[in-house]
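Shown below: start-v5.csv, with CSV, C-alpha atoms.
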chain,number,residue,atom,x,y,z
A,1316,MET,CA,-108.8,-149.8,-88.9
A,1317,ILE,CA,-109.2,-146.4,-90.5
A,1318,ILE,CA,-110.3,-143.6,-88.3
A,1319,PRO,CA,-111.1,-140.2,-89.9
A,1320,ALA,CA,-110.8,-137.5,-87.3
A,1321,LYS,CA,-111.1,-133.8,-87.0
A,1322,ASP,CA,-110.6,-132.0,-83.7
A,1323,GLU,CA,-111.0,-135.1,-81.6
A,1324,ALA,CA,-107.9,-134.8,-79.3
A,1325,ASP,CA,-110.0,-135.5,-76.3
A,1326,ARG,CA,-111.2,-138.9,-77.5
A,1327,ILE,CA,-108.9,-140.2,-80.1
A,1328,ALA,CA,-106.4,-141.8,-77.8
A,1329,ALA,CA,-109.1,-143.9,-76.1
A,1330,THR,CA,-110.5,-144.8,-79.5
A,1331,VAL,CA,-107.1,-145.9,-80.9
A,1332,LYS,CA,-106.2,-147.9,-77.8
A,1333,ALA,CA,-109.5,-149.7,-77.9
A,1334,ALA,CA,-109.2,-150.4,-81.6
A,1335,HIS,CA,-105.9,-152.1,-81.0
A,1336,GLU,CA,-107.8,-154.6,-78.8
A,1337,LEU,CA,-109.9,-155.9,-81.7
A,1338,PRO,CA,-109.1,-159.5,-82.8
A,1339,GLY,CA,-106.9,-159.4,-85.9
A,1340,ALA,CA,-106.2,-155.7,-85.6
A,1341,ASP,CA,-102.6,-155.2,-86.6
A,1342,LEU,CA,-102.9,-151.7,-88.1
A,1343,VAL,CA,-104.7,-148.5,-87.0
A,1344,VAL,CA,-104.5,-145.5,-89.3
A,1345,VAL,CA,-105.9,-142.2,-88.2
A,1346,VAL,CA,-106.5,-139.5,-90.9
A,1347,ASP,CA,-106.2,-136.1,-89.3
A,1348,ASP,CA,-108.5,-134.1,-91.5
A,1349,GLY,CA,-107.2,-130.6,-91.0
A,1350,SER,CA,-107.6,-130.6,-87.2
A,1351,SER,CA,-106.8,-127.4,-85.3
A,1352,ASP,CA,-106.0,-129.2,-82.1
A,1353,GLY,CA,-103.5,-132.0,-81.3
A,1354,THR,CA,-105.5,-134.9,-82.8
A,1355,GLY,CA,-102.7,-136.2,-84.9
A,1356,ARG,CA,-100.1,-136.0,-82.2
A,1357,VAL,CA,-102.3,-137.7,-79.6
A,1358,ALA,CA,-103.3,-140.4,-82.1
A,1359,ARG,CA,-99.6,-141.1,-82.9
A,1360,GLU,CA,-98.7,-141.3,-79.2
A,1361,ALA,CA,-101.6,-143.8,-78.7
A,1362,GLY,CA,-100.0,-146.1,-81.3
A,1363,ALA,CA,-101.7,-145.2,-84.6
A,1364,ARG,CA,-100.2,-144.5,-88.0
A,1365,VAL,CA,-101.2,-140.9,-88.8
A,1366,VAL,CA,-102.0,-139.4,-92.2
A,1367,ARG,CA,-102.6,-135.6,-92.1
A,1368,HIS,CA,-104.5,-133.3,-94.4
A,1369,SER,CA,-103.2,-129.8,-94.2
A,1370,ARG,CA,-106.8,-128.5,-94.6
A,1371,ASN,CA,-110.2,-130.1,-93.9
A,1372,ARG,CA,-111.2,-132.1,-97.0
A,1373,GLY,CA,-114.3,-133.9,-95.7
A,1374,LYS,CA,-115.0,-137.5,-94.6
A,1375,GLY,CA,-115.0,-139.1,-98.0
A,1376,ALA,CA,-111.6,-137.7,-98.8
A,1377,ALA,CA,-110.3,-138.8,-95.4
A,1378,MET,CA,-111.6,-142.4,-96.0
A,1379,GLU,CA,-109.8,-142.5,-99.3
A,1380,SER,CA,-106.6,-141.2,-97.8
A,1381,GLY,CA,-106.7,-143.8,-95.1
A,1382,ALA,CA,-107.4,-146.6,-97.5
A,1383,GLU,CA,-104.6,-145.5,-99.8
A,1384,ALA,CA,-102.2,-145.5,-96.8
A,1385,VAL,CA,-103.2,-149.1,-96.0
A,1386,ARG,CA,-102.7,-150.1,-99.7
A,1387,LEU,CA,-99.1,-148.8,-99.5
A,1388,LEU,CA,-98.5,-150.7,-96.3
A,1389,ASP,CA,-100.0,-153.8,-97.8
A,1390,ASP,CA,-97.4,-153.8,-100.6
A,1391,GLY,CA,-96.0,-157.3,-100.7
A,1392,ARG,CA,-98.8,-159.0,-98.7
A,1393,GLU,CA,-100.4,-162.0,-100.4
A,1394,GLN,CA,-103.9,-160.8,-99.4
A,1395,PRO,CA,-104.9,-157.1,-98.9
A,1396,ARG,CA,-106.3,-156.2,-95.5
A,1397,HIS,CA,-110.0,-155.7,-95.0
A,1398,LEU,CA,-110.9,-152.1,-94.1
A,1399,LEU,CA,-112.8,-151.3,-90.9
A,1400,PHE,CA,-113.9,-147.7,-90.6
A,1401,LEU,CA,-114.5,-146.3,-87.2
A,1402,ASP,CA,-115.6,-142.8,-85.9
A,1403,ALA,CA,-113.0,-141.0,-83.9
A,1404,ASP,CA,-115.3,-140.4,-80.9
A,1405,LEU,CA,-116.1,-144.0,-80.1
A,1406,ALA,CA,-113.6,-143.9,-77.3
A,1407,GLU,CA,-113.5,-147.1,-75.2
A,1408,THR,CA,-116.5,-148.6,-77.0
A,1409,ALA,CA,-114.4,-149.1,-80.1
A,1410,ARG,CA,-113.2,-152.4,-78.6
A,1411,ASP,CA,-116.8,-153.8,-79.2
A,1412,ALA,CA,-116.6,-153.4,-83.0
A,1413,ALA,CA,-115.5,-157.0,-83.6
A,1414,PRO,CA,-119.0,-158.3,-84.7
A,1415,LEU,CA,-118.7,-155.9,-87.7
A,1416,THR,CA,-115.6,-157.8,-89.0
A,1417,GLU,CA,-116.8,-161.3,-88.7
A,1418,PRO,CA,-119.2,-161.6,-91.7
A,1419,VAL,CA,-116.5,-160.0,-93.9
A,1420,ARG,CA,-113.7,-162.1,-92.7
A,1421,SER,CA,-115.8,-165.3,-93.1
A,1422,GLY,CA,-116.8,-164.3,-96.7
A,1423,GLU,CA,-120.5,-163.9,-95.9
A,1424,ALA,CA,-120.6,-160.2,-96.7
A,1425,ASP,CA,-118.7,-157.6,-98.7
A,1426,MET,CA,-119.6,-154.7,-96.4
A,1427,THR,CA,-121.2,-154.6,-93.0
A,1428,ILE,CA,-122.9,-151.6,-91.4
A,1429,ALA,CA,-123.2,-151.1,-87.7
A,1430,VAL,CA,-126.6,-150.7,-86.0
A,1431,PHE,CA,-125.9,-149.4,-82.5
A,1432,THR,CA,-127.7,-151.3,-79.7
A,1433,THR,CA,-126.7,-148.6,-77.2
A,1434,THR,CA,-129.4,-145.9,-77.0
A,1435,VAL,CA,-128.0,-142.3,-77.2
A,1436,LYS,CA,-130.4,-139.4,-76.9
A,1437,LEU,CA,-130.1,-137.4,-80.2
A,1438,GLY,CA,-130.8,-133.7,-80.6
A,1439,GLY,CA,-132.0,-133.9,-84.1
A,1440,HIS,CA,-135.4,-135.0,-85.6
A,1441,GLY,CA,-134.3,-137.7,-88.0
A,1442,PHE,CA,-134.7,-135.6,-91.2
A,1443,VAL,CA,-131.3,-136.7,-92.6
A,1444,VAL,CA,-131.8,-140.3,-91.6
A,1445,ARG,CA,-135.1,-140.4,-93.4
A,1446,LEU,CA,-133.7,-138.7,-96.4
A,1447,SER,CA,-130.9,-141.3,-96.7
A,1448,ARG,CA,-133.1,-144.3,-95.9
A,1449,ASP,CA,-135.8,-143.3,-98.4
A,1450,GLY,CA,-133.1,-142.6,-101.1
A,1451,ILE,CA,-131.4,-146.0,-100.6
A,1452,ARG,CA,-134.8,-147.7,-100.8
A,1453,ARG,CA,-135.7,-145.9,-104.0
A,1454,ALA,CA,-132.4,-146.6,-105.6
A,1455,THR,CA,-131.9,-150.3,-104.6
A,1456,GLY,CA,-135.1,-151.6,-102.9
A,1457,TRP,CA,-133.0,-152.2,-99.7
A,1458,GLU,CA,-134.4,-150.9,-96.4
A,1459,ALA,CA,-131.5,-149.7,-94.2
A,1460,THR,CA,-131.9,-149.5,-90.4
A,1461,ALA,CA,-128.9,-147.2,-89.9
A,1462,PRO,CA,-128.1,-145.6,-93.3
A,1463,LEU,CA,-125.8,-143.0,-92.0
A,1464,ASN,CA,-123.7,-145.1,-89.6
A,1465,GLY,CA,-120.0,-144.7,-90.4
A,1466,GLN,CA,-118.9,-147.9,-88.7
A,1467,ARG,CA,-118.3,-150.2,-91.6
A,1468,CYS,CA,-116.1,-153.1,-92.6
A,1469,LEU,CA,-115.4,-153.7,-96.3
A,1470,THR,CA,-113.3,-156.0,-98.4
A,1471,ARG,CA,-110.7,-154.1,-100.4
A,1472,ALA,CA,-112.5,-155.2,-103.6
A,1473,ALA,CA,-115.7,-153.6,-102.4
A,1474,PHE,CA,-114.0,-150.4,-101.4
A,1475,ASP,CA,-112.2,-150.0,-104.7
A,1476,ALA,CA,-115.5,-150.7,-106.6
A,1477,ALA,CA,-117.1,-147.6,-104.9
A,1478,LEU,CA,-114.3,-145.2,-105.8
A,1479,PRO,CA,-114.4,-142.2,-106.0
A,1480,LEU,CA,-116.4,-141.8,-102.8
A,1481,ALA,CA,-119.1,-139.2,-102.5
A,1482,ALA,CA,-118.1,-135.9,-100.9
A,1483,GLY,CA,-118.5,-135.1,-97.3
A,1484,PHE,CA,-121.4,-136.6,-95.3
A,1485,GLY,CA,-123.0,-138.1,-98.4
A,1486,VAL,CA,-120.3,-140.9,-98.4
A,1487,GLU,CA,-122.2,-143.5,-96.4
A,1488,THR,CA,-125.5,-143.2,-98.4
A,1489,ALA,CA,-123.6,-143.3,-101.7
A,1490,LEU,CA,-121.4,-146.2,-100.6
A,1491,THR,CA,-124.4,-148.3,-99.8
A,1492,ILE,CA,-126.2,-147.5,-103.1
A,1493,ASP,CA,-123.2,-148.0,-105.2
A,1494,LEU,CA,-122.2,-151.4,-103.8
A,1495,LEU,CA,-125.7,-152.8,-103.8
A,1496,ARG,CA,-126.1,-151.7,-107.5
A,1497,GLU,CA,-122.8,-153.5,-108.3
A,1498,GLY,CA,-124.1,-156.7,-106.7
A,1499,PHE,CA,-122.0,-156.7,-103.5
A,1500,ARG,CA,-123.5,-158.2,-100.4
A,1501,VAL,CA,-124.3,-155.7,-97.6
A,1502,ARG,CA,-125.4,-156.6,-94.1
A,1503,GLU,CA,-126.3,-154.6,-91.0
A,1504,VAL,CA,-124.8,-155.9,-87.7
A,1505,GLU,CA,-125.9,-154.9,-84.2
A,1506,VAL,CA,-122.9,-153.7,-82.1
A,1507,PRO,CA,-122.8,-152.1,-78.6
A,1508,LEU,CA,-121.0,-149.0,-79.8
A,1509,ALA,CA,-121.7,-145.4,-78.8
A,1510,HIS,CA,-120.4,-142.1,-79.9
A,1511,ARG,CA,-121.0,-138.5,-78.9
A,1512,ALA,CA,-124.5,-137.4,-79.5
A,1513,THR,CA,-125.1,-134.3,-81.6
A,1514,GLY,CA,-126.7,-131.5,-79.6
A,1515,THR,CA,-129.3,-128.9,-80.3
A,1516,ASP,CA,-127.2,-125.7,-80.4
A,1517,LEU,CA,-126.5,-123.6,-83.5
A,1518,ARG,CA,-123.3,-125.5,-84.3
A,1519,SER,CA,-125.2,-128.8,-84.2
A,1520,GLN,CA,-128.0,-127.5,-86.4
A,1521,LEU,CA,-125.4,-126.3,-88.9
A,1522,HIS,CA,-123.8,-129.7,-88.9
A,1523,ARG,CA,-127.2,-131.3,-89.7
A,1524,ALA,CA,-127.7,-128.8,-92.5
A,1525,ARG,CA,-124.4,-129.8,-94.0
A,1526,GLN,CA,-125.3,-133.5,-93.6
A,1527,PHE,CA,-128.7,-132.9,-95.4
A,1528,ARG,CA,-127.0,-131.0,-98.2
A,1529,ASP,CA,-124.3,-133.7,-98.8
A,1530,VAL,CA,-126.8,-136.6,-98.6
A,1531,ALA,CA,-129.2,-134.8,-101.0
A,1532,ARG,CA,-126.3,-134.3,-103.5
A,1533,ALA,CA,-125.2,-137.9,-103.3
A,1534,LEU,CA,-128.8,-139.0,-103.9
A,1535,ALA,CA,-129.4,-136.6,-106.7
A,1536,VAL,CA,-126.7,-138.0,-109.0
A,1537,ARG,CA,-128.0,-141.6,-108.2
A,1538,GLU,CA,-131.6,-141.0,-109.0
A,1539,PRO,CA,-132.5,-142.7,-112.3
A,1540,ALA,CA,-133.7,-139.6,-114.1
A,1541,VAL,CA,-130.7,-137.6,-113.1
A,1542,THR,CA,-128.3,-140.4,-113.9
A,1543,ARG,CA,-129.7,-140.8,-117.4
A,1544,ARG,CA,-129.3,-137.1,-118.1
A,1545,LEU,CA,-125.7,-137.1,-116.8
A,1546,ASP,CA,-125.0,-140.1,-119.1
A,1547,ARG,CA,-126.4,-138.2,-122.1
A,1548,LEU,CA,-124.3,-135.1,-121.2
A,1549,ARG,CA,-121.2,-137.2,-121.0
A,1550,GLY,CA,-122.0,-138.8,-124.3
A,1551,ASN,CA,-122.4,-135.5,-126.0
A,1552,ARG,CA,-119.0,-134.4,-124.8
A,1553,ARG,CA,-117.3,-137.4,-126.5
If you convert what's in this file into structure tokens, what do you get?
Amino acid sequence: MIIPAKDEADRIAATVKAAHELPGADLVVVVDDGSSDGTGRVAREAGARVVRHSRNRGKGAAMESGAEAVRLLDDGREQPRHLLFLDADLAETARDAAPLTEPVRSGEADMTIAVFTTTVKLGGHGFVVRLSRDGIRRATGWEATAPLNGQRCLTRAAFDAALPLAAGFGVETALTIDLLREGFRVREVEVPLAHRATGTDLRSQLHRARQFRDVARALAVREPAVTRRLDRLRGNRR
């Protein structure tokens, strides 16, 4: 398991302990992405291996750092570990993530995406979700139920094929598009997980604005017209 985390000292211990209960879970890596609280210390005390960014570098970078840490720890293993990404604020519900791993472990899927069965009242209006869902459909023809869900299990081969990951909150949208375009098998799986809902205060609205910006950027470079122009520009530089 790889858990990107920023300022989650109040929930990270419960999330790490619950993650250790998952079948086949022999390694939990927390990436402390420039937290200003005790997230890293609390995670380590709860039994996680901790990688720390000295400054906040965003979710995509945290996922890459976590995956690289697992790669180093896999040195000498016959088969690399699959990668299960979990949000830091899942707390005790993290123990219910097992259905996400089953299609990957059985070879039926290269990446699974969680669809939460637990209803959480959200403060937003779904603008970012619609932006991501519509962009994925335009790019691949696939209709995603939960395009922004960060709970995902991947084979190492699938993860490596998507590198470098998109920046910030555009990572999930880009990951789905890139893997589908490369022919990897992507499945959504219902799981009874729940995390902290985003509110309606100014901080929450700014968070949504950053999400919208990052998803829009990830989609822009994956739109066919934009992609063709970028390819031409790269060709002219050679």
Can I get the residues of stretch 1412-1476 of chain A within 12 Å of stretch 1359-1380 of chain A, each with the closest pair of atoms and their distance in Å to one decimal, using all atoms listed in the file, sorted chain first then ascending number, as a Markdown table?
| residue | atom | partner | partner_atom | distance |
| --- | --- | --- | --- | --- |
| A:Gly1465 | CA | A:Lys1374 | CA | 9.7 |
| A:Gln1466 | CA | A:Met1378 | CA | 11.7 |
| A:Arg1467 | CA | A:Met1378 | CA | 11.2 |
| A:Leu1469 | CA | A:Met1378 | CA | 11.9 |
| A:Arg1471 | CA | A:Glu1379 | CA | 11.7 |
| A:Phe1474 | CA | A:Glu1379 | CA | 9.2 |
| A:Asp1475 | CA | A:Glu1379 | CA | 9.5 |
Selection from above, C-alpha atoms, as a JSON list (two decimals), in the frame of the given file, can you write it?
[["chain", "number", "residue", "atom", "x", "y", "z"],
["A", 1465, "GLY", "CA", -120.00, -144.70, -90.40],
["A", 1466, "GLN", "CA", -118.90, -147.90, -88.70],
["A", 1467, "ARG", "CA", -118.30, -150.20, -91.60],
["A", 1469, "LEU", "CA", -115.40, -153.70, -96.30],
["A", 1471, "ARG", "CA", -110.70, -154.10, -100.40],
["A", 1474, "PHE", "CA", -114.00, -150.40, -101.40],
["A", 1475, "ASP", "CA", -112.20, -150.00, -104.70]]
message: So the first atom is atom CA of A:Ala1334 and the second is atom CA of A:Ala1481; what is the distance between them in Å, to one decimal place?
response: 25.7 Å
task: Would you mind listing what lies within 10 Å of A:Glu1417 as a list in words, with all atoms listed in the file counted and same-chain residues fewer than 4 positions away left out?
output: Pro1338, Ala1412, Ala1413, Ser1421, Gly1422, Glu1423, Ala1424, Thr1427, Cys1468 and Val1504 of chain A
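If only C-alpha atoms are the atoms counted, then among A:Gln1526, A:Thr1455, A:Thr1354, A:Thr1470 the closest residue to A:Val1486 is A:Gln1526.
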Could you give me the axis-aligned bounding box of stretch 1421-1429 of chain A, with 8 Å of padding per side, as centre plus edge lengths in Å to one decimal, as lines of an AutoDock Vina configuration file?
center_x = -119.5
center_y = -158.2
center_z = -93.2
size_x = 23.4
size_y = 30.2
size_z = 27.0
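The nearest approach to A:Gly1483 among the residues A:Glu1503, A:Gly1456, A:Pro1319, A:Ala1358, with all atoms listed in the file taken into account, belongs to A:Pro1319.
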Minimum-distance residue to A:Leu1494, chosen among A:Gly1349, A:Ala1454, A:Arg1532, A:Asp1449 (using only C-alpha atoms): A:Ala1454
task: Neighbourhood query: residues within 7 Å of (-129.8, -143.7, -95.0), file coordinates, counting only C-alpha atoms; return as a list in words.
output: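 Those residues, ordered by chain and then number, are Val1444, Arg1445, Leu1446, Ser1447, Arg1448, Asp1449, Ile1451, Ala1459, Ala1461, Pro1462, Leu1463 and Thr1488 of chain A.
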task: Take atom CA of A:Asp1352 and atom CA of A:Arg1525 and report the distance between them in Å, one decimal.
output: 21.9 Å
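Among the candidate residues A:Ala1328, A:Leu1415, A:Leu1480, A:Ala1472, the one lying nearest to A:Gly1355 is A:Ala1328, with distances computed using all atoms listed in the file.
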Restore all heavy atoms in stretch 1325-1336 of chain A and list the result as a compact mmCIF listing (two decimals), in the frame of the given file.
# COMPACT_ATOMS: atom_id res chain seq x y z
N ASP A 1325 -109.58 -135.02 -77.58
CA ASP A 1325 -110.00 -135.50 -76.30
C ASP A 1325 -110.45 -136.94 -76.25
O ASP A 1325 -110.47 -137.57 -75.20
CB ASP A 1325 -111.20 -134.60 -75.77
CG ASP A 1325 -112.39 -134.62 -76.72
OD1 ASP A 1325 -112.19 -134.89 -77.93
OD2 ASP A 1325 -113.52 -134.36 -76.27
N ARG A 1326 -110.76 -137.52 -77.42
CA ARG A 1326 -111.20 -138.90 -77.50
C ARG A 1326 -110.39 -139.84 -78.31
O ARG A 1326 -110.53 -141.06 -78.20
CB ARG A 1326 -112.68 -138.94 -77.99
CG ARG A 1326 -113.70 -138.42 -77.01
CD ARG A 1326 -115.08 -138.92 -77.38
NE ARG A 1326 -116.07 -138.57 -76.39
CZ ARG A 1326 -117.25 -139.16 -76.26
NH1 ARG A 1326 -117.58 -140.15 -77.06
NH2 ARG A 1326 -118.10 -138.78 -75.34
N ILE A 1327 -109.56 -139.31 -79.16
CA ILE A 1327 -108.90 -140.20 -80.10
C ILE A 1327 -107.96 -141.18 -79.49
O ILE A 1327 -107.84 -142.32 -79.98
CB ILE A 1327 -108.12 -139.29 -81.18
CG1 ILE A 1327 -107.68 -140.16 -82.36
CG2 ILE A 1327 -106.95 -138.57 -80.54
CD1 ILE A 1327 -108.79 -140.74 -83.17
N ALA A 1328 -107.29 -140.84 -78.42
CA ALA A 1328 -106.40 -141.80 -77.80
C ALA A 1328 -107.14 -143.01 -77.28
O ALA A 1328 -106.72 -144.16 -77.50
CB ALA A 1328 -105.63 -141.12 -76.63
N ALA A 1329 -108.26 -142.78 -76.62
CA ALA A 1329 -109.10 -143.90 -76.10
C ALA A 1329 -109.58 -144.75 -77.27
O ALA A 1329 -109.62 -145.99 -77.18
CB ALA A 1329 -110.22 -143.38 -75.27
N THR A 1330 -109.99 -144.10 -78.37
CA THR A 1330 -110.50 -144.80 -79.50
C THR A 1330 -109.39 -145.70 -80.15
O THR A 1330 -109.60 -146.88 -80.45
CB THR A 1330 -111.04 -143.87 -80.59
OG1 THR A 1330 -112.07 -143.07 -80.00
CG2 THR A 1330 -111.61 -144.61 -81.78
N VAL A 1331 -108.20 -145.14 -80.31
CA VAL A 1331 -107.10 -145.90 -80.90
C VAL A 1331 -106.69 -147.07 -80.02
O VAL A 1331 -106.50 -148.20 -80.51
CB VAL A 1331 -105.88 -144.96 -81.15
CG1 VAL A 1331 -104.63 -145.77 -81.52
CG2 VAL A 1331 -106.19 -143.95 -82.24
N LYS A 1332 -106.57 -146.83 -78.73
CA LYS A 1332 -106.20 -147.90 -77.80
C LYS A 1332 -107.19 -149.03 -77.82
O LYS A 1332 -106.84 -150.22 -77.81
CB LYS A 1332 -105.94 -147.36 -76.42
CG LYS A 1332 -104.72 -146.46 -76.32
CD LYS A 1332 -104.60 -145.82 -74.94
CE LYS A 1332 -103.40 -144.89 -74.88
NZ LYS A 1332 -103.31 -144.19 -73.56
N ALA A 1333 -108.48 -148.67 -77.83
CA ALA A 1333 -109.50 -149.70 -77.90
C ALA A 1333 -109.54 -150.44 -79.18
O ALA A 1333 -109.75 -151.66 -79.22
CB ALA A 1333 -110.90 -149.04 -77.60
N ALA A 1334 -109.28 -149.74 -80.28
CA ALA A 1334 -109.20 -150.40 -81.60
C ALA A 1334 -108.14 -151.42 -81.67
O ALA A 1334 -108.31 -152.48 -82.30
CB ALA A 1334 -109.05 -149.33 -82.68
N HIS A 1335 -107.02 -151.16 -81.02
CA HIS A 1335 -105.90 -152.10 -81.00
C HIS A 1335 -106.29 -153.43 -80.32
O HIS A 1335 -105.61 -154.44 -80.53
CB HIS A 1335 -104.69 -151.51 -80.35
CG HIS A 1335 -103.82 -150.70 -81.27
ND1 HIS A 1335 -103.20 -151.24 -82.38
CD2 HIS A 1335 -103.48 -149.39 -81.26
CE1 HIS A 1335 -102.50 -150.30 -83.00
NE2 HIS A 1335 -102.66 -149.17 -82.35
N GLU A 1336 -107.34 -153.41 -79.52
CA GLU A 1336 -107.80 -154.60 -78.80
C GLU A 1336 -108.62 -155.54 -79.65
O GLU A 1336 -108.90 -156.67 -79.24
CB GLU A 1336 -108.51 -154.22 -77.53
CG GLU A 1336 -107.69 -153.42 -76.52
CD GLU A 1336 -108.52 -153.02 -75.31
OE1 GLU A 1336 -109.55 -153.69 -75.04
OE2 GLU A 1336 -108.14 -152.06 -74.63
